[in-house]
$ cat start_1.cif   # mmCIF, N, CA and C atoms
data_start
loop_
_atom_site.label_atom_id
_atom_site.label_comp_id
_atom_site.auth_asym_id
_atom_site.auth_seq_id
_atom_site.Cartn_x
_atom_site.Cartn_y
_atom_site.Cartn_z
N MET A 1 -26.57 -59.04 -64.99
CA MET A 1 -26.14 -59.06 -63.61
C MET A 1 -25.12 -57.94 -63.41
N PRO A 2 -25.25 -57.10 -62.34
CA PRO A 2 -24.29 -56.03 -62.09
C PRO A 2 -22.91 -56.61 -61.78
N THR A 3 -21.89 -55.83 -62.10
CA THR A 3 -20.52 -56.30 -61.85
C THR A 3 -19.73 -55.24 -61.10
N ALA A 4 -18.67 -55.70 -60.43
CA ALA A 4 -17.69 -54.81 -59.83
C ALA A 4 -16.42 -54.93 -60.66
N THR A 5 -15.67 -53.86 -60.76
CA THR A 5 -14.49 -53.89 -61.61
C THR A 5 -13.21 -54.00 -60.80
N ILE A 6 -12.42 -54.97 -61.15
CA ILE A 6 -11.06 -55.13 -60.66
C ILE A 6 -10.24 -55.16 -61.92
N PRO A 7 -9.11 -54.47 -61.97
CA PRO A 7 -8.37 -54.38 -63.24
C PRO A 7 -8.33 -55.69 -64.01
N GLY A 8 -8.81 -55.63 -65.24
CA GLY A 8 -8.76 -56.80 -66.11
C GLY A 8 -9.88 -57.79 -65.90
N THR A 9 -10.81 -57.51 -64.97
CA THR A 9 -11.87 -58.48 -64.72
C THR A 9 -13.19 -57.78 -64.48
N ALA A 10 -14.26 -58.50 -64.64
CA ALA A 10 -15.58 -58.05 -64.25
C ALA A 10 -16.18 -59.20 -63.46
N LEU A 11 -16.50 -58.94 -62.21
CA LEU A 11 -16.98 -60.00 -61.33
C LEU A 11 -18.45 -59.81 -61.00
N PRO A 12 -19.22 -60.90 -60.95
CA PRO A 12 -20.59 -60.78 -60.46
C PRO A 12 -20.58 -60.25 -59.03
N ASP A 13 -21.69 -59.65 -58.61
CA ASP A 13 -21.76 -59.04 -57.27
C ASP A 13 -21.29 -59.98 -56.17
N ALA A 14 -21.68 -61.27 -56.22
CA ALA A 14 -21.30 -62.21 -55.17
C ALA A 14 -19.78 -62.35 -55.10
N SER A 15 -19.14 -62.47 -56.25
CA SER A 15 -17.68 -62.58 -56.27
C SER A 15 -17.03 -61.29 -55.80
N ALA A 16 -17.61 -60.16 -56.20
CA ALA A 16 -17.05 -58.87 -55.79
C ALA A 16 -17.09 -58.75 -54.28
N GLY A 17 -18.15 -59.21 -53.65
CA GLY A 17 -18.24 -59.17 -52.19
C GLY A 17 -17.17 -60.02 -51.54
N ARG A 18 -16.92 -61.19 -52.10
CA ARG A 18 -15.87 -62.07 -51.55
C ARG A 18 -14.49 -61.44 -51.71
N MET A 19 -14.33 -60.60 -52.72
CA MET A 19 -13.03 -59.97 -52.96
C MET A 19 -12.73 -58.88 -51.93
N GLN A 20 -13.66 -58.65 -51.02
CA GLN A 20 -13.40 -57.74 -49.90
C GLN A 20 -12.82 -58.49 -48.70
N THR A 21 -12.65 -59.79 -48.83
CA THR A 21 -12.05 -60.61 -47.77
C THR A 21 -10.64 -60.13 -47.49
N PRO A 22 -10.27 -59.95 -46.22
CA PRO A 22 -8.89 -59.55 -45.92
C PRO A 22 -7.91 -60.68 -46.25
N VAL A 23 -6.73 -60.31 -46.72
CA VAL A 23 -5.76 -61.34 -47.11
C VAL A 23 -5.35 -62.21 -45.94
N ARG A 24 -5.45 -61.72 -44.71
CA ARG A 24 -5.09 -62.57 -43.56
C ARG A 24 -5.97 -63.82 -43.50
N ALA A 25 -7.18 -63.73 -44.07
CA ALA A 25 -8.11 -64.86 -44.05
C ALA A 25 -7.85 -65.85 -45.18
N LEU A 26 -7.11 -65.45 -46.19
CA LEU A 26 -6.90 -66.35 -47.33
C LEU A 26 -5.43 -66.68 -47.58
N MET A 27 -4.53 -66.03 -46.85
CA MET A 27 -3.10 -66.28 -47.07
C MET A 27 -2.72 -67.68 -46.63
N ARG A 28 -1.62 -68.14 -47.16
CA ARG A 28 -1.02 -69.39 -46.71
C ARG A 28 -0.05 -69.00 -45.59
N PRO A 29 -0.28 -69.47 -44.37
CA PRO A 29 0.59 -69.03 -43.27
C PRO A 29 2.02 -69.54 -43.44
N GLY A 30 2.95 -68.73 -42.98
CA GLY A 30 4.36 -69.09 -43.06
C GLY A 30 4.91 -68.84 -44.45
N VAL A 31 6.24 -68.85 -44.53
CA VAL A 31 6.92 -68.61 -45.79
C VAL A 31 8.11 -69.56 -45.84
N ILE A 32 8.28 -70.26 -46.95
CA ILE A 32 9.44 -71.11 -47.14
C ILE A 32 10.57 -70.18 -47.59
N ALA A 33 11.61 -70.09 -46.76
CA ALA A 33 12.70 -69.15 -47.04
C ALA A 33 14.05 -69.84 -46.90
N ILE A 34 15.02 -69.33 -47.66
CA ILE A 34 16.39 -69.83 -47.59
C ILE A 34 17.34 -68.64 -47.44
N SER A 35 18.51 -68.93 -46.97
CA SER A 35 19.53 -67.91 -46.76
C SER A 35 20.16 -67.48 -48.08
N HIS A 36 20.66 -66.26 -48.09
CA HIS A 36 21.33 -65.72 -49.28
C HIS A 36 22.51 -66.55 -49.73
N ASP A 37 23.11 -67.31 -48.82
CA ASP A 37 24.29 -68.10 -49.19
C ASP A 37 23.94 -69.54 -49.59
N ALA A 38 22.64 -69.83 -49.73
CA ALA A 38 22.22 -71.16 -50.16
C ALA A 38 22.59 -71.37 -51.63
N SER A 39 22.80 -72.61 -51.99
CA SER A 39 23.06 -72.94 -53.39
C SER A 39 21.73 -73.12 -54.13
N LEU A 40 21.81 -73.14 -55.43
CA LEU A 40 20.63 -73.39 -56.24
C LEU A 40 20.09 -74.79 -55.95
N LEU A 41 20.98 -75.74 -55.70
CA LEU A 41 20.55 -77.09 -55.34
C LEU A 41 19.73 -77.08 -54.06
N GLN A 42 20.15 -76.31 -53.07
CA GLN A 42 19.39 -76.22 -51.82
C GLN A 42 18.02 -75.58 -52.07
N ALA A 43 17.97 -74.60 -52.95
CA ALA A 43 16.69 -73.98 -53.29
C ALA A 43 15.78 -74.99 -53.97
N GLN A 44 16.33 -75.77 -54.90
CA GLN A 44 15.54 -76.80 -55.59
C GLN A 44 14.99 -77.80 -54.58
N ARG A 45 15.83 -78.25 -53.68
CA ARG A 45 15.39 -79.23 -52.68
C ARG A 45 14.30 -78.66 -51.78
N ALA A 46 14.42 -77.40 -51.39
CA ALA A 46 13.39 -76.76 -50.56
C ALA A 46 12.07 -76.70 -51.32
N MET A 47 12.13 -76.37 -52.61
CA MET A 47 10.91 -76.30 -53.42
C MET A 47 10.24 -77.67 -53.50
N LEU A 48 11.03 -78.70 -53.74
CA LEU A 48 10.49 -80.06 -53.84
C LEU A 48 9.95 -80.56 -52.52
N LEU A 49 10.69 -80.33 -51.45
CA LEU A 49 10.27 -80.78 -50.12
C LEU A 49 8.94 -80.17 -49.70
N HIS A 50 8.75 -78.91 -50.05
CA HIS A 50 7.54 -78.20 -49.61
C HIS A 50 6.47 -78.10 -50.69
N GLY A 51 6.74 -78.68 -51.87
CA GLY A 51 5.74 -78.67 -52.93
C GLY A 51 5.33 -77.28 -53.36
N THR A 52 6.30 -76.41 -53.54
CA THR A 52 6.01 -75.04 -53.93
C THR A 52 6.83 -74.67 -55.15
N ASP A 53 6.40 -73.64 -55.86
CA ASP A 53 7.13 -73.23 -57.06
C ASP A 53 8.03 -72.03 -56.81
N ALA A 54 8.19 -71.65 -55.54
CA ALA A 54 9.08 -70.54 -55.21
C ALA A 54 9.48 -70.59 -53.75
N VAL A 55 10.69 -70.13 -53.47
CA VAL A 55 11.16 -69.95 -52.10
C VAL A 55 11.71 -68.54 -51.98
N LEU A 56 11.56 -67.96 -50.81
CA LEU A 56 12.01 -66.61 -50.57
C LEU A 56 13.48 -66.61 -50.20
N LEU A 57 14.25 -65.76 -50.85
CA LEU A 57 15.67 -65.63 -50.55
C LEU A 57 15.83 -64.47 -49.57
N LEU A 58 16.49 -64.76 -48.44
CA LEU A 58 16.70 -63.74 -47.41
C LEU A 58 18.11 -63.20 -47.49
N GLY A 59 18.24 -61.90 -47.34
CA GLY A 59 19.52 -61.23 -47.49
C GLY A 59 20.47 -61.47 -46.33
N PRO A 60 21.75 -61.16 -46.56
CA PRO A 60 22.77 -61.31 -45.53
C PRO A 60 22.54 -60.29 -44.41
N ARG A 61 22.97 -60.64 -43.25
CA ARG A 61 22.91 -59.81 -42.05
C ARG A 61 21.49 -59.46 -41.61
N SER A 62 20.73 -58.78 -42.46
CA SER A 62 19.40 -58.30 -42.07
C SER A 62 18.35 -59.40 -42.06
N GLY A 63 18.50 -60.40 -42.90
CA GLY A 63 17.48 -61.43 -43.03
C GLY A 63 16.24 -60.93 -43.74
N ARG A 64 16.32 -59.79 -44.37
CA ARG A 64 15.17 -59.22 -45.09
C ARG A 64 14.98 -59.92 -46.43
N PRO A 65 13.75 -59.99 -46.89
CA PRO A 65 13.49 -60.60 -48.20
C PRO A 65 14.24 -59.88 -49.32
N VAL A 66 14.93 -60.66 -50.16
CA VAL A 66 15.68 -60.12 -51.29
C VAL A 66 14.96 -60.40 -52.60
N GLY A 67 14.38 -61.57 -52.72
CA GLY A 67 13.69 -61.94 -53.94
C GLY A 67 13.19 -63.36 -53.87
N TRP A 68 12.40 -63.74 -54.86
CA TRP A 68 11.85 -65.08 -54.95
C TRP A 68 12.66 -65.91 -55.93
N VAL A 69 13.17 -67.03 -55.46
CA VAL A 69 13.77 -68.03 -56.34
C VAL A 69 12.59 -68.84 -56.85
N THR A 70 12.34 -68.79 -58.15
CA THR A 70 11.14 -69.41 -58.70
C THR A 70 11.47 -70.60 -59.59
N SER A 71 10.45 -71.38 -59.87
CA SER A 71 10.64 -72.50 -60.78
C SER A 71 11.10 -72.01 -62.15
N ARG A 72 10.63 -70.86 -62.58
CA ARG A 72 11.07 -70.28 -63.86
C ARG A 72 12.57 -70.02 -63.81
N GLY A 73 13.05 -69.45 -62.70
CA GLY A 73 14.48 -69.19 -62.56
C GLY A 73 15.29 -70.46 -62.54
N VAL A 74 14.75 -71.50 -61.90
CA VAL A 74 15.44 -72.80 -61.86
C VAL A 74 15.49 -73.40 -63.26
N LEU A 75 14.38 -73.35 -63.99
CA LEU A 75 14.35 -73.89 -65.35
C LEU A 75 15.34 -73.17 -66.26
N ASP A 76 15.50 -71.87 -66.04
CA ASP A 76 16.44 -71.10 -66.84
C ASP A 76 17.89 -71.54 -66.60
N ARG A 77 18.13 -72.25 -65.50
CA ARG A 77 19.49 -72.67 -65.14
C ARG A 77 19.73 -74.17 -65.33
N LEU A 78 18.76 -74.86 -65.93
CA LEU A 78 18.95 -76.29 -66.17
C LEU A 78 20.20 -76.51 -67.01
N GLY A 79 20.93 -77.55 -66.70
CA GLY A 79 22.14 -77.85 -67.43
C GLY A 79 23.38 -77.28 -66.76
N GLU A 80 23.18 -76.39 -65.79
CA GLU A 80 24.29 -75.86 -65.02
C GLU A 80 24.39 -76.65 -63.71
N GLU A 81 25.50 -76.61 -63.07
CA GLU A 81 25.70 -77.37 -61.83
C GLU A 81 25.07 -76.62 -60.65
N PRO A 82 23.90 -77.06 -60.15
CA PRO A 82 23.17 -76.32 -59.12
C PRO A 82 23.89 -76.26 -57.77
N ALA A 83 24.72 -77.24 -57.47
CA ALA A 83 25.43 -77.23 -56.19
C ALA A 83 26.49 -76.13 -56.16
N LEU A 84 26.94 -75.69 -57.32
CA LEU A 84 27.99 -74.68 -57.39
C LEU A 84 27.46 -73.28 -57.68
N MET A 85 26.16 -73.18 -57.91
CA MET A 85 25.57 -71.90 -58.27
C MET A 85 24.81 -71.31 -57.08
N PRO A 86 24.93 -70.01 -56.84
CA PRO A 86 24.16 -69.40 -55.76
C PRO A 86 22.67 -69.38 -56.10
N ALA A 87 21.84 -69.56 -55.09
CA ALA A 87 20.39 -69.54 -55.30
C ALA A 87 19.94 -68.20 -55.90
N GLY A 88 20.64 -67.15 -55.57
CA GLY A 88 20.29 -65.83 -56.09
C GLY A 88 20.29 -65.76 -57.61
N ALA A 89 20.99 -66.68 -58.27
CA ALA A 89 21.01 -66.69 -59.73
C ALA A 89 19.64 -67.04 -60.31
N ALA A 90 18.75 -67.61 -59.50
CA ALA A 90 17.43 -68.01 -59.97
C ALA A 90 16.32 -67.10 -59.45
N VAL A 91 16.69 -65.95 -58.90
CA VAL A 91 15.68 -64.99 -58.45
C VAL A 91 15.06 -64.34 -59.67
N THR A 92 13.74 -64.43 -59.76
CA THR A 92 13.03 -63.83 -60.90
C THR A 92 11.95 -62.85 -60.48
N GLU A 93 11.72 -62.72 -59.17
CA GLU A 93 10.69 -61.80 -58.69
C GLU A 93 11.19 -61.04 -57.48
N VAL A 94 10.84 -59.77 -57.43
CA VAL A 94 11.13 -58.98 -56.23
C VAL A 94 10.04 -59.24 -55.21
N PRO A 95 10.36 -59.15 -53.92
CA PRO A 95 9.32 -59.35 -52.91
C PRO A 95 8.43 -58.11 -52.81
N VAL A 96 7.13 -58.34 -52.80
CA VAL A 96 6.14 -57.29 -52.62
C VAL A 96 5.31 -57.67 -51.41
N THR A 97 5.13 -56.70 -50.50
CA THR A 97 4.42 -56.96 -49.25
C THR A 97 3.08 -56.24 -49.23
N VAL A 98 2.05 -56.92 -48.72
CA VAL A 98 0.75 -56.30 -48.48
C VAL A 98 0.40 -56.48 -47.01
N GLU A 99 -0.35 -55.54 -46.49
CA GLU A 99 -0.81 -55.60 -45.10
C GLU A 99 -1.81 -56.75 -44.93
N PRO A 100 -1.85 -57.37 -43.76
CA PRO A 100 -2.82 -58.44 -43.53
C PRO A 100 -4.27 -57.96 -43.69
N SER A 101 -4.50 -56.67 -43.48
CA SER A 101 -5.86 -56.13 -43.60
C SER A 101 -6.23 -55.76 -45.03
N ALA A 102 -5.28 -55.82 -45.97
CA ALA A 102 -5.58 -55.53 -47.37
C ALA A 102 -6.64 -56.51 -47.86
N THR A 103 -7.45 -56.06 -48.80
CA THR A 103 -8.50 -56.93 -49.33
C THR A 103 -7.97 -57.82 -50.45
N ALA A 104 -8.73 -58.85 -50.74
CA ALA A 104 -8.39 -59.72 -51.87
C ALA A 104 -8.35 -58.90 -53.16
N ALA A 105 -9.24 -57.93 -53.29
CA ALA A 105 -9.25 -57.07 -54.48
C ALA A 105 -7.95 -56.27 -54.57
N GLU A 106 -7.47 -55.75 -53.46
CA GLU A 106 -6.20 -55.01 -53.45
C GLU A 106 -5.04 -55.94 -53.79
N ALA A 107 -5.10 -57.16 -53.28
CA ALA A 107 -4.07 -58.15 -53.61
C ALA A 107 -4.09 -58.47 -55.10
N ALA A 108 -5.27 -58.55 -55.69
CA ALA A 108 -5.39 -58.83 -57.12
C ALA A 108 -4.74 -57.71 -57.93
N ILE A 109 -4.91 -56.48 -57.50
CA ILE A 109 -4.28 -55.35 -58.19
C ILE A 109 -2.76 -55.47 -58.09
N ALA A 110 -2.26 -55.77 -56.89
CA ALA A 110 -0.81 -55.91 -56.71
C ALA A 110 -0.26 -57.06 -57.55
N LEU A 111 -1.00 -58.16 -57.62
CA LEU A 111 -0.55 -59.31 -58.40
C LEU A 111 -0.64 -59.09 -59.91
N SER A 112 -1.37 -58.07 -60.32
CA SER A 112 -1.49 -57.80 -61.75
C SER A 112 -0.29 -57.02 -62.28
N ARG A 113 0.57 -56.55 -61.40
CA ARG A 113 1.75 -55.80 -61.83
C ARG A 113 2.77 -56.75 -62.45
N PRO A 114 3.50 -56.28 -63.45
CA PRO A 114 4.52 -57.12 -64.08
C PRO A 114 5.57 -57.58 -63.06
N GLY A 115 5.94 -58.84 -63.17
CA GLY A 115 7.00 -59.39 -62.32
C GLY A 115 6.57 -59.77 -60.92
N VAL A 116 5.26 -59.67 -60.62
CA VAL A 116 4.77 -60.02 -59.29
C VAL A 116 3.93 -61.29 -59.42
N GLY A 117 4.39 -62.37 -58.81
CA GLY A 117 3.70 -63.64 -58.91
C GLY A 117 3.16 -64.15 -57.59
N ARG A 118 3.51 -63.46 -56.50
CA ARG A 118 3.04 -63.82 -55.17
C ARG A 118 3.29 -62.63 -54.27
N LEU A 119 2.57 -62.56 -53.15
CA LEU A 119 2.70 -61.45 -52.23
C LEU A 119 3.05 -61.94 -50.83
N LEU A 120 3.98 -61.26 -50.20
CA LEU A 120 4.23 -61.50 -48.79
C LEU A 120 3.16 -60.75 -48.01
N VAL A 121 2.69 -61.34 -46.92
CA VAL A 121 1.72 -60.68 -46.07
C VAL A 121 2.43 -60.31 -44.78
N GLY A 122 2.44 -59.03 -44.46
CA GLY A 122 3.10 -58.57 -43.25
C GLY A 122 2.78 -57.12 -42.99
N HIS A 123 3.13 -56.69 -41.80
CA HIS A 123 2.83 -55.31 -41.41
C HIS A 123 3.83 -54.31 -41.99
N ARG A 124 5.04 -54.77 -42.28
CA ARG A 124 6.06 -53.91 -42.87
C ARG A 124 6.97 -54.77 -43.75
N PRO A 125 7.51 -54.20 -44.81
CA PRO A 125 8.41 -54.98 -45.68
C PRO A 125 9.66 -55.47 -44.94
N ASP A 126 10.08 -54.78 -43.88
CA ASP A 126 11.28 -55.18 -43.17
C ASP A 126 11.00 -56.09 -41.97
N ALA A 127 9.73 -56.41 -41.73
CA ALA A 127 9.35 -57.30 -40.64
C ALA A 127 9.17 -58.72 -41.19
N PRO A 128 9.32 -59.72 -40.34
CA PRO A 128 9.11 -61.09 -40.82
C PRO A 128 7.69 -61.25 -41.39
N PRO A 129 7.57 -61.86 -42.56
CA PRO A 129 6.25 -62.04 -43.16
C PRO A 129 5.43 -63.08 -42.40
N GLU A 130 4.12 -62.89 -42.43
CA GLU A 130 3.20 -63.81 -41.76
C GLU A 130 2.73 -64.92 -42.69
N GLY A 131 2.77 -64.65 -44.00
CA GLY A 131 2.28 -65.63 -44.95
C GLY A 131 2.46 -65.15 -46.37
N VAL A 132 1.84 -65.87 -47.28
CA VAL A 132 1.96 -65.60 -48.71
C VAL A 132 0.57 -65.70 -49.35
N VAL A 133 0.33 -64.84 -50.33
CA VAL A 133 -0.89 -64.91 -51.14
C VAL A 133 -0.46 -65.10 -52.58
N THR A 134 -1.07 -66.07 -53.24
CA THR A 134 -0.78 -66.36 -54.64
C THR A 134 -2.03 -66.13 -55.48
N PRO A 135 -1.88 -66.06 -56.79
CA PRO A 135 -3.07 -65.93 -57.64
C PRO A 135 -4.08 -67.05 -57.40
N LEU A 136 -3.61 -68.26 -57.13
CA LEU A 136 -4.52 -69.37 -56.89
C LEU A 136 -5.39 -69.12 -55.65
N ASP A 137 -4.83 -68.47 -54.63
CA ASP A 137 -5.60 -68.14 -53.43
C ASP A 137 -6.74 -67.19 -53.78
N LEU A 138 -6.46 -66.24 -54.66
CA LEU A 138 -7.50 -65.28 -55.06
C LEU A 138 -8.56 -65.93 -55.93
N ILE A 139 -8.13 -66.85 -56.78
CA ILE A 139 -9.09 -67.58 -57.61
C ILE A 139 -10.03 -68.39 -56.70
N ALA A 140 -9.48 -68.99 -55.66
CA ALA A 140 -10.30 -69.78 -54.72
C ALA A 140 -11.34 -68.89 -54.04
N VAL A 141 -10.97 -67.68 -53.68
CA VAL A 141 -11.93 -66.76 -53.04
C VAL A 141 -13.00 -66.35 -54.03
N ALA A 142 -12.60 -65.97 -55.23
CA ALA A 142 -13.57 -65.51 -56.23
C ALA A 142 -14.53 -66.63 -56.64
N ALA A 143 -14.04 -67.87 -56.66
CA ALA A 143 -14.86 -68.99 -57.13
C ALA A 143 -15.68 -69.66 -56.03
N ALA A 144 -15.45 -69.27 -54.78
CA ALA A 144 -16.17 -69.90 -53.66
C ALA A 144 -17.67 -69.66 -53.81
N SER A 145 -18.42 -70.67 -53.43
CA SER A 145 -19.88 -70.50 -53.55
C SER A 145 -20.49 -70.14 -52.23
#

$ encode --input "start_1.cif" --output "structure tokens"
Amino acid sequence: MPTATIPGTALPDASAGRMQTPVRALMRPGVIAISHDASLLQAQRAMLLHGTDAVLLLGPRSGRPVGWVTSRGVLDRLGEEPALMPAGAAVTEVPVTVEPSATAAEAAIALSRPGVGRLLVGHRPDAPPEGVVTPLDLIAVAAAS
């Protein structure tokens, strides 16, 4: 069976065609975000409340994305007092933005970069994001029948 190449993968033609889906069609709308002055405890509560493994930390004044507070960052801080620690101490990923018109294949390339575990979807890095794309979203597209 012929394949299309995406870094690190070989997909059957049907999957390769699905990987041309624009990310606007597969993104999770909205972004769970917290302020730069939030505590680690507030970040943990936001993650639990929304059932997600990361929340976006927004910078002071500008409200621009600063980084992702991730479950990995939270685990690295276990044993410390989360109410007294800034959420920024658990940032483990920089925010990376893709255009809503980018393809799933382009998103897969962006997600294959070291330190990138999710993508913001938006027209500009300094504009409010429209949604998020995760590796699981791409797996769902590739595996769809």

$ resolve_selection --input "start_1.cif" --expression "the PyMOL selection byres (((chain A and resi 22 and name CA) around 10) and name CA)" --output "list in words"
Arg18, Met19, Gln20, Thr21, Val23, Arg24, Ala25, Leu26, Met27, Glu99, Pro100, Ser101, Ala102, Thr103, Ala104, Ala105, Glu106 and Ala107 of chain A

$ resolve_selection --input "start_1.cif" --expression "the PyMOL selection byres (((chain A and resi 89-92 and name CA) around 8) and name CA)" --output "list in words"
Leu40, Leu57, Gly67, Trp68, Val69, Thr70, Arg72, Gly73, Val74, Asp76, Arg77, Met85, Pro86, Ala87, Gly88, Glu93, Val94 and Gly115 of chain A

$ select_by_dssp --input "start_1.cif" --residues "segment 7-142 of chain A" --states "helix (DSSP H, G or I)" --output "PyMOL selection string"
chain A and resi 13-18+23-25+40-50+71-75+82-84+87-90+104-111+135-142

$ atom_distance --input "start_1.cif" --atom1 "atom CA of Glu80 of chain A" --atom2 "atom CA of Ile32 of chain A"
23.7 Å

$ closest_residue --input "start_1.cif" --among "A:Leu119, A:Val96, A:Leu58, A:Ala83" --to "Gln44 of chain A" --atoms "only C-alpha atoms"
A:Ala83

$ resolve_selection --input "start_1.cif" --expression "the PyMOL selection byres (((chain A and resi 61-64 and name CA) around 9) and name CA)" --output "PyMOL selection string"
chain A and resi 35-36+57-60+65-66+125-128

$ closest_residue --input "start_1.cif" --among "A:Arg118, A:Gln42, A:Leu111, A:His50" --to "Pro82 of chain A" --atoms "all atoms listed in the file"
A:Gln42

$ select_by_dssp --input "start_1.cif" --residues "chain A" --states "strand (DSSP E)" --output "compact mmCIF listing (two decimals) with N, CA and C atoms, in the frame of the given file"
# COMPACT_ATOMS: atom_id res chain seq x y z
N THR A 3 -21.89 -55.83 -62.10
CA THR A 3 -20.52 -56.30 -61.85
C THR A 3 -19.73 -55.24 -61.10
N ALA A 4 -18.67 -55.70 -60.43
CA ALA A 4 -17.69 -54.81 -59.83
C ALA A 4 -16.42 -54.93 -60.66
N THR A 5 -15.67 -53.86 -60.76
CA THR A 5 -14.49 -53.89 -61.61
C THR A 5 -13.21 -54.00 -60.80
N ILE A 6 -12.42 -54.97 -61.15
CA ILE A 6 -11.06 -55.13 -60.66
C ILE A 6 -10.24 -55.16 -61.92
N THR A 9 -10.81 -57.51 -64.97
CA THR A 9 -11.87 -58.48 -64.72
C THR A 9 -13.19 -57.78 -64.48
N ALA A 10 -14.26 -58.50 -64.64
CA ALA A 10 -15.58 -58.05 -64.25
C ALA A 10 -16.18 -59.20 -63.46
N LEU A 11 -16.50 -58.94 -62.21
CA LEU A 11 -16.98 -60.00 -61.33
C LEU A 11 -18.45 -59.81 -61.00
N PRO A 12 -19.22 -60.90 -60.95
CA PRO A 12 -20.59 -60.78 -60.46
C PRO A 12 -20.58 -60.25 -59.03
N ARG A 28 -1.62 -68.14 -47.16
CA ARG A 28 -1.02 -69.39 -46.71
C ARG A 28 -0.05 -69.00 -45.59
N PRO A 29 -0.28 -69.47 -44.37
CA PRO A 29 0.59 -69.03 -43.27
C PRO A 29 2.02 -69.54 -43.44
N ALA A 33 11.61 -70.09 -46.76
CA ALA A 33 12.70 -69.15 -47.04
C ALA A 33 14.05 -69.84 -46.90
N ILE A 34 15.02 -69.33 -47.66
CA ILE A 34 16.39 -69.83 -47.59
C ILE A 34 17.34 -68.64 -47.44
N SER A 35 18.51 -68.93 -46.97
CA SER A 35 19.53 -67.91 -46.76
C SER A 35 20.16 -67.48 -48.08
N ALA A 54 8.19 -71.65 -55.54
CA ALA A 54 9.08 -70.54 -55.21
C ALA A 54 9.48 -70.59 -53.75
N VAL A 55 10.69 -70.13 -53.47
CA VAL A 55 11.16 -69.95 -52.10
C VAL A 55 11.71 -68.54 -51.98
N LEU A 56 11.56 -67.96 -50.81
CA LEU A 56 12.01 -66.61 -50.57
C LEU A 56 13.48 -66.61 -50.20
N LEU A 57 14.25 -65.76 -50.85
CA LEU A 57 15.67 -65.63 -50.55
C LEU A 57 15.83 -64.47 -49.57
N LEU A 58 16.49 -64.76 -48.44
CA LEU A 58 16.70 -63.74 -47.41
C LEU A 58 18.11 -63.20 -47.49
N PRO A 65 13.75 -59.99 -46.89
CA PRO A 65 13.49 -60.60 -48.20
C PRO A 65 14.24 -59.88 -49.32
N VAL A 66 14.93 -60.66 -50.16
CA VAL A 66 15.68 -60.12 -51.29
C VAL A 66 14.96 -60.40 -52.60
N GLY A 67 14.38 -61.57 -52.72
CA GLY A 67 13.69 -61.94 -53.94
C GLY A 67 13.19 -63.36 -53.87
N TRP A 68 12.40 -63.74 -54.86
CA TRP A 68 11.85 -65.08 -54.95
C TRP A 68 12.66 -65.91 -55.93
N VAL A 69 13.17 -67.03 -55.46
CA VAL A 69 13.77 -68.03 -56.34
C VAL A 69 12.59 -68.84 -56.85
N THR A 70 12.34 -68.79 -58.15
CA THR A 70 11.14 -69.41 -58.70
C THR A 70 11.47 -70.60 -59.59
N VAL A 91 16.69 -65.95 -58.90
CA VAL A 91 15.68 -64.99 -58.45
C VAL A 91 15.06 -64.34 -59.67
N THR A 92 13.74 -64.43 -59.76
CA THR A 92 13.03 -63.83 -60.90
C THR A 92 11.95 -62.85 -60.48
N GLU A 93 11.72 -62.72 -59.17
CA GLU A 93 10.69 -61.80 -58.69
C GLU A 93 11.19 -61.04 -57.48
N THR A 97 5.13 -56.70 -50.50
CA THR A 97 4.42 -56.96 -49.25
C THR A 97 3.08 -56.24 -49.23
N VAL A 98 2.05 -56.92 -48.72
CA VAL A 98 0.75 -56.30 -48.48
C VAL A 98 0.40 -56.48 -47.01
N LEU A 119 2.57 -62.56 -53.15
CA LEU A 119 2.70 -61.45 -52.23
C LEU A 119 3.05 -61.94 -50.83
N LEU A 120 3.98 -61.26 -50.20
CA LEU A 120 4.23 -61.50 -48.79
C LEU A 120 3.16 -60.75 -48.01
N VAL A 121 2.69 -61.34 -46.92
CA VAL A 121 1.72 -60.68 -46.07
C VAL A 121 2.43 -60.31 -44.78
N GLY A 131 2.77 -64.65 -44.00
CA GLY A 131 2.28 -65.63 -44.95
C GLY A 131 2.46 -65.15 -46.37
N VAL A 132 1.84 -65.87 -47.28
CA VAL A 132 1.96 -65.60 -48.71
C VAL A 132 0.57 -65.70 -49.35
N VAL A 133 0.33 -64.84 -50.33
CA VAL A 133 -0.89 -64.91 -51.14
C VAL A 133 -0.46 -65.10 -52.58

$ atom_distance --input "start_1.cif" --atom1 "atom N of Ala33 of chain A" --atom2 "atom CA of Leu138 of chain A"
21.4 Å

$ atom_distance --input "start_1.cif" --atom1 "atom CA of Ala38 of chain A" --atom2 "atom CA of Asp137 of chain A"
28.2 Å

$ closest_residue --input "start_1.cif" --among "A:Leu56, A:Leu41, A:Leu78, A:Ala142" --to "Pro129 of chain A" --atoms "only C-alpha atoms"
A:Leu56

$ closest_residue --input "start_1.cif" --among "A:Val121, A:Ala110, A:Ala144, A:Val132" --to "Thr52 of chain A" --atoms "only C-alpha atoms"
A:Val132
